[in-house]
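Just below is one structure, and these are the notes that go with it.
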Amino acid sequence: MDRVVNIITYAGVLLITLGALTAIWGGLVGFKIAGSGVVLILTAMALSYCNEEIKLEKRRRERY
């Protein structure tokens with residue numbers, strides 16, 4: 001799962017960079033691309049959080 005989160009995060013950073021470069025040259029398309037990158041990064045953060053919660057829940061169940 002960590003590898004998936006890293007790939008999604010890198011894709012998000014790439015989209016933000018591409019969107020920023022496109023926005024510099026003028027155009028709303030760049031902001032839309034950058035917005036998609038932000039959404040990918042937020043998705044990766046949510047996946048990472050859920051993954052940690054699942055690991056904690058498994059540890060709790062193993063103890064009892």
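By order in the structure tokens, chains are A, B, ...; within a chain, residues start at 1; ligands start at 1, following the order shown.
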
| query | Hey, what's within 12 Å of A:Thr9 if we count only C-alpha atoms and toss same-chain stuff fewer than 3 positions away? As a PyMOL selection string, please? | reply | chain A and resi 2-6+12-16+36-48

Emit the selected residues as an mmCIF file, in the first residue's frame, including N, CA, C and O atoms.
```
data_model
loop_
_atom_site.group_PDB
_atom_site.id
_atom_site.type_symbol
_atom_site.label_atom_id
_atom_site.label_comp_id
_atom_site.auth_asym_id
_atom_site.auth_seq_id
_atom_site.Cartn_x
_atom_site.Cartn_y
_atom_site.Cartn_z
ATOM 1 N N ASP A 2 1.997 1.199 0.674
ATOM 2 C CA ASP A 2 2.866 2.373 0.719
ATOM 3 C C ASP A 2 3.370 2.737 -0.671
ATOM 4 O O ASP A 2 3.510 3.911 -0.999
ATOM 5 N N ARG A 3 3.629 1.713 -1.466
ATOM 6 C CA ARG A 3 4.110 1.967 -2.827
ATOM 7 C C ARG A 3 3.034 2.652 -3.668
ATOM 8 O O ARG A 3 3.319 3.566 -4.439
ATOM 9 N N VAL A 4 1.791 2.234 -3.498
ATOM 10 C CA VAL A 4 0.682 2.846 -4.224
ATOM 11 C C VAL A 4 0.537 4.311 -3.826
ATOM 12 O O VAL A 4 0.354 5.191 -4.674
ATOM 13 N N VAL A 5 0.637 4.574 -2.533
ATOM 14 C CA VAL A 5 0.538 5.949 -2.045
ATOM 15 C C VAL A 5 1.658 6.806 -2.635
ATOM 16 O O VAL A 5 1.425 7.942 -3.056
ATOM 17 N N ASN A 6 2.863 6.262 -2.705
ATOM 18 C CA ASN A 6 3.982 7.015 -3.283
ATOM 19 C C ASN A 6 3.747 7.315 -4.756
ATOM 20 O O ASN A 6 4.008 8.439 -5.208
ATOM 21 N N GLY A 12 0.564 13.234 -8.474
ATOM 22 C CA GLY A 12 -0.033 14.508 -8.072
ATOM 23 C C GLY A 12 0.948 15.657 -8.179
ATOM 24 O O GLY A 12 0.614 16.748 -8.671
ATOM 25 N N VAL A 13 2.174 15.429 -7.732
ATOM 26 C CA VAL A 13 3.200 16.471 -7.823
ATOM 27 C C VAL A 13 3.496 16.798 -9.280
ATOM 28 O O VAL A 13 3.655 17.966 -9.656
ATOM 29 N N LEU A 14 3.540 15.775 -10.117
ATOM 30 C CA LEU A 14 3.777 15.990 -11.543
ATOM 31 C C LEU A 14 2.659 16.829 -12.166
ATOM 32 O O LEU A 14 2.920 17.756 -12.932
ATOM 33 N N LEU A 15 1.415 16.529 -11.809
ATOM 34 C CA LEU A 15 0.290 17.298 -12.345
ATOM 35 C C LEU A 15 0.308 18.736 -11.841
ATOM 36 O O LEU A 15 -0.016 19.662 -12.590
ATOM 37 N N ILE A 16 0.672 18.934 -10.583
ATOM 38 C CA ILE A 16 0.751 20.304 -10.061
ATOM 39 C C ILE A 16 1.816 21.090 -10.814
ATOM 40 O O ILE A 16 1.613 22.240 -11.204
ATOM 41 N N SER A 36 -6.257 18.906 -10.303
ATOM 42 C CA SER A 36 -6.273 17.444 -10.347
ATOM 43 C C SER A 36 -5.101 16.868 -9.555
ATOM 44 O O SER A 36 -5.240 15.839 -8.885
ATOM 45 N N GLY A 37 -3.954 17.532 -9.637
ATOM 46 C CA GLY A 37 -2.791 17.093 -8.856
ATOM 47 C C GLY A 37 -3.050 17.182 -7.368
ATOM 48 O O GLY A 37 -2.679 16.286 -6.602
ATOM 49 N N VAL A 38 -3.701 18.259 -6.951
ATOM 50 C CA VAL A 38 -4.026 18.418 -5.527
ATOM 51 C C VAL A 38 -4.980 17.316 -5.076
ATOM 52 O O VAL A 38 -4.816 16.745 -3.990
ATOM 53 N N VAL A 39 -5.950 17.003 -5.914
ATOM 54 C CA VAL A 39 -6.898 15.929 -5.578
ATOM 55 C C VAL A 39 -6.170 14.596 -5.429
ATOM 56 O O VAL A 39 -6.441 13.821 -4.505
ATOM 57 N N LEU A 40 -5.211 14.329 -6.315
ATOM 58 C CA LEU A 40 -4.445 13.084 -6.203
ATOM 59 C C LEU A 40 -3.643 13.035 -4.909
ATOM 60 O O LEU A 40 -3.579 12.001 -4.249
ATOM 61 N N ILE A 41 -3.036 14.150 -4.543
ATOM 62 C CA ILE A 41 -2.248 14.168 -3.307
ATOM 63 C C ILE A 41 -3.155 13.972 -2.089
ATOM 64 O O ILE A 41 -2.811 13.234 -1.160
ATOM 65 N N LEU A 42 -4.314 14.609 -2.087
ATOM 66 C CA LEU A 42 -5.251 14.419 -0.971
ATOM 67 C C LEU A 42 -5.746 12.973 -0.913
ATOM 68 O O LEU A 42 -5.917 12.414 0.175
ATOM 69 N N THR A 43 -5.948 12.357 -2.070
ATOM 70 C CA THR A 43 -6.342 10.948 -2.105
ATOM 71 C C THR A 43 -5.248 10.067 -1.521
ATOM 72 O O THR A 43 -5.520 9.132 -0.757
ATOM 73 N N ALA A 44 -4.002 10.370 -1.879
ATOM 74 C CA ALA A 44 -2.881 9.597 -1.336
ATOM 75 C C ALA A 44 -2.797 9.753 0.179
ATOM 76 O O ALA A 44 -2.518 8.779 0.892
ATOM 77 N N MET A 45 -3.045 10.962 0.670
ATOM 78 C CA MET A 45 -3.024 11.169 2.126
ATOM 79 C C MET A 45 -4.122 10.370 2.806
ATOM 80 O O MET A 45 -3.902 9.776 3.867
ATOM 81 N N ALA A 46 -5.305 10.342 2.207
ATOM 82 C CA ALA A 46 -6.417 9.584 2.784
ATOM 83 C C ALA A 46 -6.115 8.087 2.771
ATOM 84 O O ALA A 46 -6.389 7.383 3.755
ATOM 85 N N LEU A 47 -5.548 7.593 1.682
ATOM 86 C CA LEU A 47 -5.179 6.174 1.624
ATOM 87 C C LEU A 47 -4.135 5.822 2.671
ATOM 88 O O LEU A 47 -4.210 4.770 3.308
ATOM 89 N N SER A 48 -3.172 6.695 2.849
ATOM 90 C CA SER A 48 -2.135 6.464 3.840
ATOM 91 C C SER A 48 -2.735 6.410 5.247
ATOM 92 O O SER A 48 -2.394 5.545 6.052
#
```

| task | Pick out the closest residue to A:Thr17 from this set: A:Arg63, A:Gly35, A:Lys55, A:Met1. Count only C-alpha atoms. | result |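 The answer is A:Gly35, which sits nearest to A:Thr17.
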
| said: What does the structure give for the distance between atom CA of A:Leu18 and atom CA of A:Gly30, in Å to one decimal? | reply: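 Between atom CA of A:Leu18 and atom CA of A:Gly30 the gap works out to 7.3 Å.
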